[in-house]
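Q: Next comes the structure file target_14.pdb, holding PDB, C-alpha atoms, pLDDT in the B column.
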ATOM      1  CA  MET G  23      11.728  12.436   6.664  1.00 93.00           C
ATOM      2  CA  ARG G  24      11.239  14.441   3.513  1.00 98.00           C
ATOM      3  CA  LEU G  25       8.864  13.434   0.737  1.00 98.00           C
ATOM      4  CA  GLY G  26       9.719  14.366  -2.852  1.00 98.00           C
ATOM      5  CA  ILE G  27       7.113  14.648  -5.604  1.00 98.00           C
ATOM      6  CA  LEU G  28       8.308  14.555  -9.200  1.00 97.00           C
ATOM      7  CA  GLY G  29       5.535  16.129 -11.300  1.00 95.00           C
ATOM      8  CA  ALA G  30       4.247  18.030  -8.289  1.00 95.00           C
ATOM      9  CA  THR G  31       1.859  20.376 -10.119  1.00 93.00           C
ATOM     10  CA  GLY G  32       0.329  17.786 -12.426  1.00 91.00           C
ATOM     11  CA  TRP G  33      -3.175  16.456 -11.855  1.00 91.00           C
ATOM     12  CA  LEU G  34      -2.172  13.628  -9.513  1.00 95.00           C
ATOM     13  CA  GLY G  35       1.032  15.046  -8.045  1.00 96.00           C
ATOM     14  CA  GLN G  36      -0.679  18.231  -6.901  1.00 95.00           C
ATOM     15  CA  ALA G  37      -3.703  16.304  -5.604  1.00 96.00           C
ATOM     16  CA  LEU G  38      -1.373  14.227  -3.445  1.00 97.00           C
ATOM     17  CA  GLY G  39       0.765  17.123  -2.248  1.00 97.00           C
ATOM     18  CA  LEU G  40      -2.108  19.441  -1.357  1.00 97.00           C
ATOM     19  CA  GLY G  41      -4.101  16.550   0.105  1.00 97.00           C
ATOM     20  CA  LEU G  42      -1.229  15.655   2.431  1.00 97.00           C
ATOM     21  CA  ILE G  43      -0.954  19.270   3.573  1.00 97.00           C
ATOM     22  CA  SER G  44      -4.687  19.952   3.984  1.00 96.00           C
ATOM     23  CA  LYS G  45      -5.315  16.709   5.908  1.00 96.00           C
ATOM     24  CA  GLY G  46      -2.320  17.209   8.167  1.00 96.00           C
ATOM     25  CA  LEU G  47      -0.687  14.004   6.952  1.00 97.00           C
ATOM     26  CA  TRP G  48       2.630  15.612   5.988  1.00 97.00           C
ATOM     27  CA  PRO G  49       4.106  19.016   6.882  1.00 97.00           C
ATOM     28  CA  ALA G  50       4.492  21.359   3.919  1.00 97.00           C
ATOM     29  CA  GLU G  51       8.026  22.244   5.003  1.00 97.00           C
ATOM     30  CA  ARG G  52       9.030  18.590   4.528  1.00 97.00           C
ATOM     31  CA  LEU G  53       7.656  18.337   0.987  1.00 98.00           C
ATOM     32  CA  VAL G  54      10.224  18.616  -1.826  1.00 97.00           C
ATOM     33  CA  VAL G  55       8.527  19.402  -5.141  1.00 97.00           C
ATOM     34  CA  LEU G  56       9.550  19.652  -8.775  1.00 96.00           C
ATOM     35  CA  ASN G  57       7.827  20.102 -12.126  1.00 90.00           C
ATOM     36  CA  ARG G  58       8.872  20.784 -15.688  1.00 83.00           C
ATOM     37  CA  SER G  59       7.165  24.158 -16.046  1.00 78.00           C
ATOM     38  CA  GLY G  60       8.464  25.772 -12.870  1.00 73.00           C
ATOM     39  CA  LYS G  61       4.950  27.020 -12.060  1.00 75.00           C
ATOM     40  CA  VAL G  62       4.006  27.169  -8.394  1.00 83.00           C
ATOM     41  CA  GLY G  63       0.464  25.869  -8.977  1.00 82.00           C
ATOM     42  CA  GLY G  64      -1.617  25.250  -5.878  1.00 91.00           C
ATOM     43  CA  TYR G  65       1.406  25.390  -3.563  1.00 94.00           C
ATOM     44  CA  ALA G  66       1.338  29.199  -3.362  1.00 92.00           C
ATOM     45  CA  GLY G  67       1.470  30.178   0.294  1.00 93.00           C
ATOM     46  CA  HIS G  68       2.781  26.792   1.437  1.00 95.00           C
ATOM     47  CA  PRO G  69       6.414  26.548   2.625  1.00 96.00           C
ATOM     48  CA  VAL G  70       7.297  23.611   0.379  1.00 96.00           C
ATOM     49  CA  ILE G  71      10.860  23.103  -0.850  1.00 96.00           C
ATOM     50  CA  TRP G  72      11.353  23.593  -4.593  1.00 95.00           C
ATOM     51  CA  ALA G  73      14.058  21.345  -6.008  1.00 96.00           C
ATOM     52  CA  ARG G  74      16.356  22.621  -8.741  1.00 95.00           C
ATOM     53  CA  ASP G  75      16.172  19.407 -10.767  1.00 95.00           C
ATOM     54  CA  ALA G  76      15.553  15.660 -10.408  1.00 97.00           C
ATOM     55  CA  ALA G  77      18.990  15.038  -8.917  1.00 97.00           C
ATOM     56  CA  ASP G  78      18.408  17.717  -6.280  1.00 97.00           C
ATOM     57  CA  LEU G  79      14.968  16.296  -5.479  1.00 97.00           C
ATOM     58  CA  CYS G  80      16.410  12.820  -4.928  1.00 98.00           C
ATOM     59  CA  VAL G  81      19.230  14.091  -2.725  1.00 97.00           C
ATOM     60  CA  GLN G  82      16.796  16.019  -0.525  1.00 97.00           C
ATOM     61  CA  SER G  83      14.126  13.264  -0.272  1.00 98.00           C
ATOM     62  CA  ASP G  84      13.826  10.088   1.775  1.00 97.00           C
ATOM     63  CA  ILE G  85      10.696   8.994  -0.117  1.00 98.00           C
ATOM     64  CA  VAL G  86       9.946   9.831  -3.762  1.00 98.00           C
ATOM     65  CA  ILE G  87       6.645   9.961  -5.652  1.00 98.00           C
ATOM     66  CA  LEU G  88       6.817   9.591  -9.440  1.00 98.00           C
ATOM     67  CA  SER G  89       3.850  11.450 -10.889  1.00 96.00           C
ATOM     68  CA  THR G  90       5.117  12.058 -14.384  1.00 94.00           C
ATOM     69  CA  ARG G  91       4.355  10.794 -17.861  1.00 93.00           C
ATOM     70  CA  PRO G  92       6.062   7.464 -18.546  1.00 92.00           C
ATOM     71  CA  GLU G  93       7.577   8.804 -21.766  1.00 92.00           C
ATOM     72  CA  ASP G  94       9.255  11.606 -19.760  1.00 92.00           C
ATOM     73  CA  PHE G  95      10.877   9.215 -17.301  1.00 95.00           C
ATOM     74  CA  PRO G  96      13.594   9.086 -16.104  1.00 96.00           C
ATOM     75  CA  PRO G  97      14.598  12.746 -16.121  1.00 95.00           C
ATOM     76  CA  ASP G  98      18.273  13.640 -16.164  1.00 95.00           C
ATOM     77  CA  GLY G  99      19.871  13.087 -12.788  1.00 96.00           C
ATOM     78  CA  PHE G 100      17.181  10.831 -11.323  1.00 97.00           C
ATOM     79  CA  ASP G 101      18.533   8.167  -8.965  1.00 97.00           C
ATOM     80  CA  ALA G 102      16.159   6.096  -6.827  1.00 97.00           C
ATOM     81  CA  GLY G 103      19.000   4.868  -4.625  1.00 97.00           C
ATOM     82  CA  ASN G 104      17.704   2.782  -1.732  1.00 97.00           C
ATOM     83  CA  ARG G 105      14.634   4.933  -1.125  1.00 97.00           C
ATOM     84  CA  LEU G 106      10.972   4.019  -0.921  1.00 98.00           C
ATOM     85  CA  VAL G 107       9.615   5.080  -4.325  1.00 98.00           C
ATOM     86  CA  ILE G 108       5.921   5.164  -5.272  1.00 98.00           C
ATOM     87  CA  SER G 109       5.234   5.300  -9.009  1.00 98.00           C
ATOM     88  CA  PHE G 110       1.949   6.504 -10.533  1.00 96.00           C
ATOM     89  CA  MET G 111       3.190   5.655 -14.039  1.00 94.00           C
ATOM     90  CA  THR G 112       1.838   3.144 -16.499  1.00 88.00           C
ATOM     91  CA  ALA G 113       4.267   1.205 -18.727  1.00 87.00           C
ATOM     92  CA  TRP G 114       7.033   1.161 -16.120  1.00 93.00           C
ATOM     93  CA  THR G 115       6.489  -2.194 -14.414  1.00 94.00           C
ATOM     94  CA  LEU G 116       8.055  -3.149 -11.101  1.00 96.00           C
ATOM     95  CA  GLU G 117      10.433  -5.412 -13.000  1.00 95.00           C
ATOM     96  CA  LYS G 118      11.602  -2.574 -15.254  1.00 95.00           C
ATOM     97  CA  LEU G 119      12.013  -0.182 -12.344  1.00 97.00           C
ATOM     98  CA  ALA G 120      13.871  -2.691 -10.178  1.00 97.00           C
ATOM     99  CA  ALA G 121      16.173  -3.583 -13.068  1.00 97.00           C
ATOM    100  CA  ARG G 122      17.318   0.050 -13.279  1.00 97.00           C
ATOM    101  CA  TRP G 123      17.452   0.760  -9.538  1.00 98.00           C
ATOM    102  CA  PRO G 124      17.636  -2.575  -7.672  1.00 97.00           C
ATOM    103  CA  ALA G 125      18.278  -1.118  -4.218  1.00 97.00           C
ATOM    104  CA  ALA G 126      15.052   0.905  -4.087  1.00 98.00           C
ATOM    105  CA  ARG G 127      11.805  -0.314  -2.455  1.00 98.00           C
ATOM    106  CA  TRP G 128       9.320  -0.028  -5.296  1.00 98.00           C
ATOM    107  CA  VAL G 129       5.564   0.534  -5.170  1.00 98.00           C
ATOM    108  CA  ARG G 130       3.208   1.020  -8.118  1.00 97.00           C
ATOM    109  CA  ALA G 131      -0.096   2.807  -7.524  1.00 97.00           C
ATOM    110  CA  MET G 132      -2.910   3.873  -9.847  1.00 95.00           C
ATOM    111  CA  PRO G 133      -4.888   6.892  -8.579  1.00 95.00           C
ATOM    112  CA  ASN G 134      -7.735   8.274 -10.677  1.00 91.00           C
ATOM    113  CA  GLY G 135      -9.174  11.681 -11.539  1.00 86.00           C
ATOM    114  CA  GLY G 136     -11.139  11.833  -8.281  1.00 89.00           C
ATOM    115  CA  ALA G 137      -7.832  12.562  -6.548  1.00 93.00           C
ATOM    116  CA  SER G 138      -8.250  16.287  -7.198  1.00 90.00           C
ATOM    117  CA  VAL G 139     -11.317  16.371  -4.928  1.00 92.00           C
ATOM    118  CA  GLY G 140     -10.087  13.758  -2.441  1.00 93.00           C
ATOM    119  CA  ARG G 141     -12.244  11.015  -3.955  1.00 92.00           C
ATOM    120  CA  SER G 142      -9.705   8.832  -5.738  1.00 94.00           C
ATOM    121  CA  TYR G 143      -9.709   5.080  -5.415  1.00 95.00           C
ATOM    122  CA  THR G 144      -6.051   4.049  -5.529  1.00 97.00           C
ATOM    123  CA  PRO G 145      -5.047   0.387  -5.826  1.00 97.00           C
ATOM    124  CA  TRP G 146      -1.353  -0.309  -5.292  1.00 98.00           C
ATOM    125  CA  VAL G 147       1.035  -3.237  -5.437  1.00 97.00           C
ATOM    126  CA  ALA G 148       4.400  -3.909  -3.791  1.00 97.00           C
ATOM    127  CA  PRO G 149       5.354  -7.574  -3.354  1.00 94.00           C
ATOM    128  CA  GLY G 150       7.524  -8.180  -0.321  1.00 94.00           C
ATOM    129  CA  LEU G 151       7.255  -4.655   1.052  1.00 97.00           C
ATOM    130  CA  ALA G 152       7.925  -4.440   4.796  1.00 97.00           C
ATOM    131  CA  ASP G 153       4.933  -3.762   7.035  1.00 97.00           C
ATOM    132  CA  GLU G 154       6.297  -0.387   8.151  1.00 97.00           C
ATOM    133  CA  ASP G 155       6.707   0.794   4.554  1.00 98.00           C
ATOM    134  CA  ALA G 156       3.280  -0.594   3.600  1.00 98.00           C
ATOM    135  CA  ALA G 157       1.629   1.358   6.420  1.00 98.00           C
ATOM    136  CA  LEU G 158       3.384   4.521   5.247  1.00 98.00           C
ATOM    137  CA  VAL G 159       2.258   3.970   1.637  1.00 98.00           C
ATOM    138  CA  ALA G 160      -1.356   3.511   2.751  1.00 98.00           C
ATOM    139  CA  ARG G 161      -1.148   6.693   4.814  1.00 97.00           C
ATOM    140  CA  LEU G 162       0.265   8.743   1.937  1.00 98.00           C
ATOM    141  CA  LEU G 163      -2.254   7.492  -0.627  1.00 98.00           C
ATOM    142  CA  SER G 164      -5.146   8.152   1.753  1.00 97.00           C
ATOM    143  CA  ALA G 165      -4.512  11.860   1.143  1.00 97.00           C
ATOM    144  CA  MET G 166      -6.293  11.401  -2.208  1.00 97.00           C
ATOM    145  CA  GLY G 167      -9.147   9.162  -1.016  1.00 96.00           C
ATOM    146  CA  ASP G 168      -9.550   5.418  -0.551  1.00 96.00           C
ATOM    147  CA  GLN G 169      -6.768   2.918  -1.248  1.00 97.00           C
ATOM    148  CA  ASP G 170      -6.302  -0.853  -1.389  1.00 97.00           C
ATOM    149  CA  ARG G 171      -3.234  -3.047  -1.688  1.00 97.00           C
ATOM    150  CA  VAL G 172      -3.688  -5.692  -4.412  1.00 97.00           C
ATOM    151  CA  GLU G 173      -1.859  -8.966  -4.948  1.00 93.00           C
ATOM    152  CA  ASP G 174      -0.084  -8.489  -8.267  1.00 93.00           C
ATOM    153  CA  GLU G 175       0.475  -6.194 -11.233  1.00 92.00           C
ATOM    154  CA  GLY G 176      -2.084  -8.070 -13.331  1.00 90.00           C
ATOM    155  CA  GLN G 177      -4.785  -6.864 -10.947  1.00 93.00           C
ATOM    156  CA  LEU G 178      -3.280  -3.381 -10.924  1.00 93.00           C
ATOM    157  CA  ASP G 179      -3.239  -3.232 -14.740  1.00 90.00           C
ATOM    158  CA  TYR G 180      -6.910  -4.222 -14.883  1.00 91.00           C
ATOM    159  CA  LEU G 181      -7.839  -1.682 -12.222  1.00 92.00           C
ATOM    160  CA  SER G 182      -6.003   0.995 -14.209  1.00 89.00           C
ATOM    161  CA  THR G 183      -8.650   0.403 -16.892  1.00 91.00           C
ATOM    162  CA  LEU G 184     -11.536   0.265 -14.406  1.00 92.00           C
ATOM    163  CA  SER G 185     -11.154   2.615 -11.440  1.00 91.00           C
ATOM    164  CA  GLY G 186      -8.284   4.393 -13.200  1.00 88.00           C
ATOM    165  CA  SER G 187     -10.678   5.649 -15.861  1.00 89.00           C
ATOM    166  CA  GLY G 188     -12.151   8.119 -13.359  1.00 83.00           C
ATOM    167  CA  PRO G 189     -14.949  10.202 -14.921  1.00 87.00           C
ATOM    168  CA  ALA G 190     -14.233   9.058 -18.494  1.00 91.00           C
ATOM    169  CA  TYR G 191     -17.104   6.583 -18.956  1.00 93.00           C
ATOM    170  CA  PRO G 192     -19.683   8.680 -17.062  1.00 93.00           C
ATOM    171  CA  ALA G 193     -18.608  11.580 -19.307  1.00 94.00           C
ATOM    172  CA  LEU G 194     -19.352   9.461 -22.395  1.00 95.00           C
ATOM    173  CA  LEU G 195     -22.791   8.632 -21.004  1.00 95.00           C
ATOM    174  CA  ALA G 196     -23.437  12.296 -20.258  1.00 96.00           C
ATOM    175  CA  ARG G 197     -22.430  13.297 -23.793  1.00 97.00           C
ATOM    176  CA  ALA G 198     -24.732  10.688 -25.325  1.00 96.00           C
ATOM    177  CA  MET G 199     -27.655  11.982 -23.258  1.00 96.00           C
ATOM    178  CA  LEU G 200     -26.877  15.608 -24.139  1.00 97.00           C
ATOM    179  CA  ARG G 201     -26.687  14.807 -27.847  1.00 97.00           C
ATOM    180  CA  ASP G 202     -30.020  12.992 -27.746  1.00 96.00           C
ATOM    181  CA  ALA G 203     -31.643  15.861 -25.853  1.00 96.00           C
ATOM    182  CA  ALA G 204     -30.290  18.369 -28.385  1.00 95.00           C
ATOM    183  CA  ALA G 205     -31.552  16.273 -31.287  1.00 97.00           C
ATOM    184  CA  ARG G 206     -35.042  16.401 -29.758  1.00 96.00           C
ATOM    185  CA  GLY G 207     -34.970  20.174 -29.445  1.00 97.00           C
ATOM    186  CA  LEU G 208     -34.571  20.505 -25.683  1.00 96.00           C
ATOM    187  CA  PRO G 209     -33.048  23.873 -24.654  1.00 96.00           C
ATOM    188  CA  GLU G 210     -29.363  23.463 -23.863  1.00 95.00           C
ATOM    189  CA  PRO G 211     -29.509  24.797 -20.265  1.00 96.00           C
ATOM    190  CA  VAL G 212     -32.411  22.472 -19.452  1.00 97.00           C
ATOM    191  CA  ALA G 213     -30.663  19.476 -21.050  1.00 96.00           C
ATOM    192  CA  ARG G 214     -27.441  20.232 -19.209  1.00 96.00           C
ATOM    193  CA  ARG G 215     -29.125  20.453 -15.806  1.00 96.00           C
ATOM    194  CA  ALA G 216     -31.156  17.306 -16.466  1.00 96.00           C
ATOM    195  CA  VAL G 217     -28.094  15.287 -17.470  1.00 96.00           C
ATOM    196  CA  GLU G 218     -26.099  16.618 -14.520  1.00 95.00           C
ATOM    197  CA  ALA G 219     -28.882  15.461 -12.211  1.00 95.00           C
ATOM    198  CA  VAL G 220     -28.632  11.955 -13.682  1.00 94.00           C
ATOM    199  CA  ILE G 221     -24.839  11.653 -13.770  1.00 92.00           C
ATOM    200  CA  CYS G 222     -23.849  13.615 -10.676  1.00 90.00           C
ATOM    201  CA  GLY G 223     -26.938  13.670  -8.493  1.00 89.00           C
ATOM    202  CA  SER G 224     -27.741   9.984  -8.830  1.00 89.00           C
ATOM    203  CA  ALA G 225     -24.179   8.973  -7.978  1.00 85.00           C
ATOM    204  CA  ALA G 226     -24.857   9.878  -4.351  1.00 84.00           C
ATOM    205  CA  LEU G 227     -27.801   7.476  -4.321  1.00 87.00           C
ATOM    206  CA  LEU G 228     -25.495   4.619  -5.358  1.00 89.00           C
ATOM    207  CA  GLU G 229     -22.737   5.348  -2.866  1.00 86.00           C
ATOM    208  CA  GLY G 230     -22.412   2.451  -0.454  1.00 88.00           C
ATOM    209  CA  ARG G 231     -24.961   0.412  -2.422  1.00 90.00           C
ATOM    210  CA  ILE G 232     -22.793  -1.034  -5.217  1.00 89.00           C
ATOM    211  CA  GLY G 233     -23.105  -4.480  -3.666  1.00 90.00           C
ATOM    212  CA  GLY G 234     -26.865  -4.284  -4.140  1.00 92.00           C
ATOM    213  CA  LEU G 235     -27.047  -3.023  -7.714  1.00 91.00           C
ATOM    214  CA  GLN G 236     -29.237  -5.853  -8.960  1.00 92.00           C
ATOM    215  CA  GLU G 237     -31.831  -5.036  -6.319  1.00 93.00           C
ATOM    216  CA  ILE G 238     -31.923  -1.415  -7.529  1.00 91.00           C
ATOM    217  CA  ILE G 239     -32.161  -2.494 -11.170  1.00 92.00           C
ATOM    218  CA  ASP G 240     -34.900  -5.021 -10.405  1.00 93.00           C
ATOM    219  CA  ALA G 241     -36.870  -2.364  -8.525  1.00 93.00           C
ATOM    220  CA  PHE G 242     -36.941  -0.102 -11.606  1.00 91.00           C
ATOM    221  CA  LEU G 243     -37.766  -2.986 -13.924  1.00 92.00           C
ATOM    222  CA  SER G 244     -40.601  -4.169 -11.680  1.00 94.00           C
ATOM    223  CA  TYR G 245     -42.505  -0.908 -12.245  1.00 90.00           C
ATOM    224  CA  LYS G 246     -42.736  -1.782 -15.956  1.00 89.00           C
ATOM    225  CA  GLY G 247     -42.935   1.906 -16.717  1.00 92.00           C
ATOM    226  CA  ILE G 248     -41.016   4.507 -18.731  1.00 94.00           C
ATOM    227  CA  THR G 249     -37.550   3.849 -17.272  1.00 94.00           C
ATOM    228  CA  ALA G 250     -38.027   0.081 -17.471  1.00 94.00           C
ATOM    229  CA  ALA G 251     -38.775   0.361 -21.203  1.00 95.00           C
ATOM    230  CA  GLY G 252     -35.481   2.141 -21.765  1.00 94.00           C
ATOM    231  CA  MET G 253     -33.523  -0.218 -19.509  1.00 93.00           C
ATOM    232  CA  ALA G 254     -34.802  -3.248 -21.394  1.00 92.00           C
ATOM    233  CA  VAL G 255     -33.043  -1.927 -24.500  1.00 93.00           C
ATOM    234  CA  ALA G 256     -29.992  -0.339 -22.894  1.00 92.00           C
ATOM    235  CA  GLY G 257     -29.095  -3.065 -20.381  1.00 91.00           C
ATOM    236  CA  PRO G 258     -27.610  -5.686 -22.730  1.00 92.00           C
ATOM    237  CA  ALA G 259     -26.020  -2.975 -24.876  1.00 92.00           C
ATOM    238  CA  PHE G 260     -24.396  -1.403 -21.816  1.00 92.00           C
ATOM    239  CA  ASP G 261     -22.944  -4.723 -20.692  1.00 93.00           C
ATOM    240  CA  GLN G 262     -21.541  -5.471 -24.133  1.00 95.00           C
ATOM    241  CA  ALA G 263     -20.129  -1.976 -24.637  1.00 94.00           C
ATOM    242  CA  MET G 264     -18.381  -1.969 -21.263  1.00 94.00           C
ATOM    243  CA  GLN G 265     -16.951  -5.457 -21.747  1.00 95.00           C
ATOM    244  CA  GLU G 266     -15.495  -4.417 -25.103  1.00 95.00           C
ATOM    245  CA  ALA G 267     -14.212  -1.111 -23.720  1.00 95.00           C
ATOM    246  CA  LEU G 268     -12.481  -2.711 -20.735  1.00 93.00           C
ATOM    247  CA  ALA G 269     -11.044  -5.464 -22.923  1.00 94.00           C
ATOM    248  CA  ALA G 270      -9.550  -2.864 -25.280  1.00 94.00           C
ATOM    249  CA  ALA G 271      -8.188  -0.826 -22.368  1.00 92.00           C
ATOM    250  CA  SER G 272      -6.736  -3.949 -20.722  1.00 89.00           C
ATOM    251  CA  ALA G 273      -5.016  -4.893 -23.965  1.00 90.00           C
ATOM    252  CA  LYS G 274      -3.505  -1.420 -24.135  1.00 88.00           C
ATOM    253  CA  ALA G 275      -2.293  -1.740 -20.528  1.00 83.00           C
ATOM    254  CA  ARG G 276      -0.604  -5.046 -21.371  1.00 81.00           C
ATOM    255  CA  ASP G 277       1.023  -3.537 -24.448  1.00 82.00           C
ATOM    256  CA  LEU G 278       2.388  -0.618 -22.450  1.00 77.00           C
ATOM    257  CA  SER G 279       3.774  -2.972 -19.808  1.00 73.00           C
ATOM    258  CA  ARG G 280       5.625  -4.929 -22.493  1.00 71.00           C
TER
END
Could you spell out this file's structure in structure tokens?

A:
Amino acid sequence: MRLGILGATGWLGQALGLGLISKGLWPAERLVVLNRSGKVGGYAGHPVIWARDAADLCVQSDIVILSTRPEDFPPDGFDAGNRLVISFMTAWTLEKLAARWPAARWVRAMPNGGASVGRSYTPWVAPGLADEDAALVARLLSAMGDQDRVEDEGQLDYLSTLSGSGPAYPALLARAMLRDAAARGLPEPVARRAVEAVICGSAALLEGRIGGLQEIIDAFLSYKGITAAGMAVAGPAFDQAMQEALAAASAKARDLSR
């Protein structure tokens, strides 16, 4: 079979394509790729097949990945036919996609920014998909990191605001810390390394321990020291800020779906 990637040099499309090649999950010579810019991107040196346009990509592909902006879809000549098609797009619900191309087997998936380093968490949904197709979808998405099949698009829409946010919320936290450090006169290189240690270095300490977060939090609070004093103020504010942020993002996801 041949796998076509529409938007093959974008953030997610390239992460998938190069991940499949580097992990030996799909031969480069059976990848059909297309982008709007015509740039080779990270595929230089790989014997991938470059499609002329969307119609050519569809004709040459048994499976198609849609990794393009929803406002740019569908491109001229696109025809899903009866293929297995995996969409990374927001806004285009399964109902909308199936209404346009009813013979296709549709899957919606939501990778995040970690895909570029093989650390995406990708939830996906496909009601009624045959077991053979589902196993293939899981295999393909594993090229970018972990994946889970969820029950319905409501769960997928929420996860697009949670795991789909990638480094966005940690980046906001890092910026807030950097701004505070700058306001207190800390040299920029020192502040940058200190914040990177908190945001990036500490992430490794949490890996595999998310189920025991309260134990970690309680341990810091029990010392009743410097960090505990800050946590006593930040804890409730963090909870409230994240609830409001995820509510706003979820509302946006619902609006896009409508």

Q: Counting all atoms listed in the file, which residue out of G:Trp128, G:Gln36, G:Arg201, G:Leu53 sits closest to Val70 in chain G?

A: G:Leu53

Q: With the file shown as input, list the residues that the PyMOL selection byres ((chain G and resi 114) around 12) selects, as a PyMOL selection string.

A: chain G and resi 88-96+108-113+115-122+128-131+175+179+275-280

Q: Please write as a list of chain:residue names the full residue list that the PyMOL selection byres ((chain G and resi 195) around 12) yields on this file.

A: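 This file gives the following for the PyMOL selection byres ((chain G and resi 195) around 12): G:Pro189, G:Ala190, G:Tyr191, G:Pro192, G:Ala193, G:Leu194, G:Ala196, G:Arg197, G:Ala198, G:Met199, G:Leu200, G:Arg201, G:Asp202, G:Val217, G:Glu218, G:Val220, G:Ile221, G:Cys222, G:Ala256, G:Phe260, G:Ala263, G:Met264.
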
Q: Run the PyMOL selection byres ((chain G and resi 49) around 10) against the file shown and list the residues it catches, as an MDAnalysis selection string.

A: chainID G and resid 24:25 39 42:48 50:53 68:70

Q: Hey, what's within 8 Å of Trp72 in chain G if we count all atoms listed in the file and toss same-chain stuff fewer than 5 positions away? As a PyMOL selection string, please?

A: chain G and resi 54-56

Q: Which of these residues is nearest to Gly150 in chain G, using all atoms listed in the file: G:Leu163, G:Val62, G:Arg127, G:Pro209?

A: G:Arg127

Q: Which residues, written as a PDB file with C-alpha atoms, in the frame of the given file, have at least one atom at most 6 Å from range 102-107 of chain G, with all atoms listed in the file counted and residues fewer than 4 positions away on the same chain left out?

A:
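Wrote around09.pdb, looks like this:
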ATOM      1  CA  ASP G  84      13.826  10.088   1.775  1.00 97.00           C
ATOM      2  CA  ILE G  85      10.696   8.994  -0.117  1.00 98.00           C
ATOM      3  CA  VAL G  86       9.946   9.831  -3.762  1.00 98.00           C
ATOM      4  CA  ILE G  87       6.645   9.961  -5.652  1.00 98.00           C
ATOM      5  CA  ALA G 125      18.278  -1.118  -4.218  1.00 97.00           C
ATOM      6  CA  ALA G 126      15.052   0.905  -4.087  1.00 98.00           C
ATOM      7  CA  ARG G 127      11.805  -0.314  -2.455  1.00 98.00           C
ATOM      8  CA  TRP G 128       9.320  -0.028  -5.296  1.00 98.00           C
TER       9      TRP G 128
END

Q: So how far away is CA of Val172 in chain G from CA of Ala148 in chain G, in Å?

A: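 One can read the CA of Ala148 in chain G to CA of Val172 in chain G distance as 8.3 Å.
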
Q: Adding 6 Å on each side of the box along x, y and z that holds all listed atoms of range 87-104 of chain G, could you give its centre and edge lengths in Å to one decimal, as JSON?

A:
{"center_x": 11.9, "center_y": 8.2, "center_z": -11.7, "size_x": 28.0, "size_y": 22.9, "size_z": 32.0}

Q: Which residues come within 9 Å of Ala160 in chain G, counting only C-alpha atoms, excluding same-chain residues fewer than 3 positions away, as a list in words?

A: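 So, after excluding close chain neighbours, the residues are Trp146, Asp155, Ala156, Ala157, Leu163, Ser164, Gln169, Asp170 and Arg171 of chain G.
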
Q: For CA of Cys80 in chain G and CA of Met23 in chain G, quote the distance in Å rounded to one decimal.

A: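 That distance, rounded to one decimal, is 12.5 Å.
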
Q: So the first atom is CA of Tyr65 in chain G and the second is CA of Asp168 in chain G; what is the distance between them in Å, to one decimal place?

A: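 Value for the CA of Tyr65 in chain G-CA of Asp168 in chain G distance: 23.0 Å.
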
Q: Check the smallest atom-to-atom distance from each of G:Asp101, G:Asp78, G:Glu173, G:Asp240 to Ala254 in chain G using all atoms listed in the file, then report the winner.

A: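 Ranking G:Asp101, G:Asp78, G:Glu173, G:Asp240 by distance to Ala254 in chain G, first place goes to G:Asp240.
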